[in-house]
Amino acid sequence: MRSRSTLGAVAVLAGGLAAASLAFAPTAAAVSPGSATATYDCGTWGGGSATLVATQNGTAATITVTSAVTTPIAVGADQINATLTMAKAGGGTRVFTGKKNPPLAGGGSVVIGPLSGTVASGDSLNSYFAGVALKMVIFGVTVNCDAVTSQSPGPFVFS
């Protein structure tokens with residue numbers, strides 16, 4: 001008899017702990033929209049439409065940029081040092097940085113990221129503002145890109 005009551009107590013305790021852990025588990029954060037496009041002008045390096053894909057995990061966020069800018073020569077993995085500056089609604093900026101890129105073939109579109117940054121709940125970020133939105137350093141050469149349009153379908157809003 002005693003072993004049944006002990007097993008019952010253990011089962012109730014385990015169930016209670018499981019419920020409590022779910023109650024205190026952090027909620028998954030989401031960014032909306034998950035992807036957007038904007039047009040960039042990179043001067044003599046070209047320009048055009050770029051796709052930005054954002055993810056969020058709490059206050060940590062990443063953005064990957066696939067641009068219309070092409071590289072004239074092959075670039076190895078993790079050779080592009082990039083800074084993406086996003087305008088924050090209401091004032092200020094958030095900066096995403098990293099030295100992450102897949103291997104790029106000569107003549108191919110430049111893909112950068114994921115670039116890492118910190119966000120706060122409610123941040124509404126757009127790469128369109130007065131200044132260099134995307135700065136890339138490739139083999140010691142700096143490429144500055146201005147966003148010439150707002151993001152479509154809209155800014156990234158982080159939860």
# chains A, B, ... in the order shown; residues from 1 in each chain; ligands from 1
>>> residues_around(residues="A:Ala68", least_positions_apart="6", cutoff="12 Å", atoms="only C-alpha atoms", output="ChimeraX atom specification")
/A:37-42,45-52,107-112,145
>>> residues_around(residues="A:Pro153", least_positions_apart="5", cutoff="9 Å", atoms="only C-alpha atoms", output="MDAnalysis selection string")
chainID A and resid 33 35:37
>>> select_by_dssp(residues="stretch 28-139 of chain A", states="strand (DSSP E)", output="PyMOL selection string")
chain A and resi 31-32+35-41+47-57+60-70+80-88+93-98+109-118+124-126+134-138
>>> atom_distance(atom1="atom CA of A:Val132", atom2="atom CA of A:Ala77")
24.1 Å
>>> atom_distance(atom1="atom CA of A:Gly34", atom2="atom CA of A:Ala74")
29.1 Å
>>> residues_around(residues="A:Phe156", least_positions_apart="6", cutoff="7 Å", atoms="only C-alpha atoms", output="PDB file with N, CA, C and O atoms, in the first residue's frame")
ATOM      1  N   VAL A  31       9.276  38.298 -35.228  1.00  0.00           N
ATOM      2  CA  VAL A  31       9.429  39.547 -35.946  1.00  0.00           C
ATOM      3  C   VAL A  31       8.480  39.503 -37.137  1.00  0.00           C
ATOM      4  O   VAL A  31       8.278  38.452 -37.736  1.00  0.00           O
ATOM      5  N   SER A  32       7.879  40.653 -37.428  1.00  0.00           N
ATOM      6  CA  SER A  32       6.939  40.708 -38.538  1.00  0.00           C
ATOM      7  C   SER A  32       7.217  41.960 -39.360  1.00  0.00           C
ATOM      8  O   SER A  32       7.405  43.026 -38.782  1.00  0.00           O
ATOM      9  N   PRO A  33       7.289  41.895 -40.646  1.00  0.00           N
ATOM     10  CA  PRO A  33       7.279  40.678 -41.457  1.00  0.00           C
ATOM     11  C   PRO A  33       8.602  39.940 -41.310  1.00  0.00           C
ATOM     12  O   PRO A  33       9.587  40.515 -40.849  1.00  0.00           O
ATOM     13  N   SER A 124      10.602  49.043 -34.170  1.00  0.00           N
ATOM     14  CA  SER A 124      10.180  49.062 -35.562  1.00  0.00           C
ATOM     15  C   SER A 124      11.373  49.594 -36.349  1.00  0.00           C
ATOM     16  O   SER A 124      11.750  50.766 -36.196  1.00  0.00           O
ATOM     17  N   LEU A 125      12.002  48.721 -37.165  1.00  0.00           N
ATOM     18  CA  LEU A 125      13.267  49.067 -37.818  1.00  0.00           C
ATOM     19  C   LEU A 125      13.152  49.038 -39.330  1.00  0.00           C
ATOM     20  O   LEU A 125      12.578  48.120 -39.909  1.00  0.00           O
ATOM     21  N   ASN A 126      13.762  50.052 -39.972  1.00  0.00           N
ATOM     22  CA  ASN A 126      13.759  50.190 -41.424  1.00  0.00           C
ATOM     23  C   ASN A 126      15.165  50.612 -41.847  1.00  0.00           C
ATOM     24  O   ASN A 126      15.770  51.466 -41.206  1.00  0.00           O
TER      25      ASN A 126
END
>>> closest_residue(among="A:Val53, A:Ile80, A:Ala130, A:Ala87", to="A:Val148", atoms="only C-alpha atoms")
A:Ala130
>>> atom_distance(atom1="atom CA of A:Ala120", atom2="atom CA of A:Met136")
25.2 Å
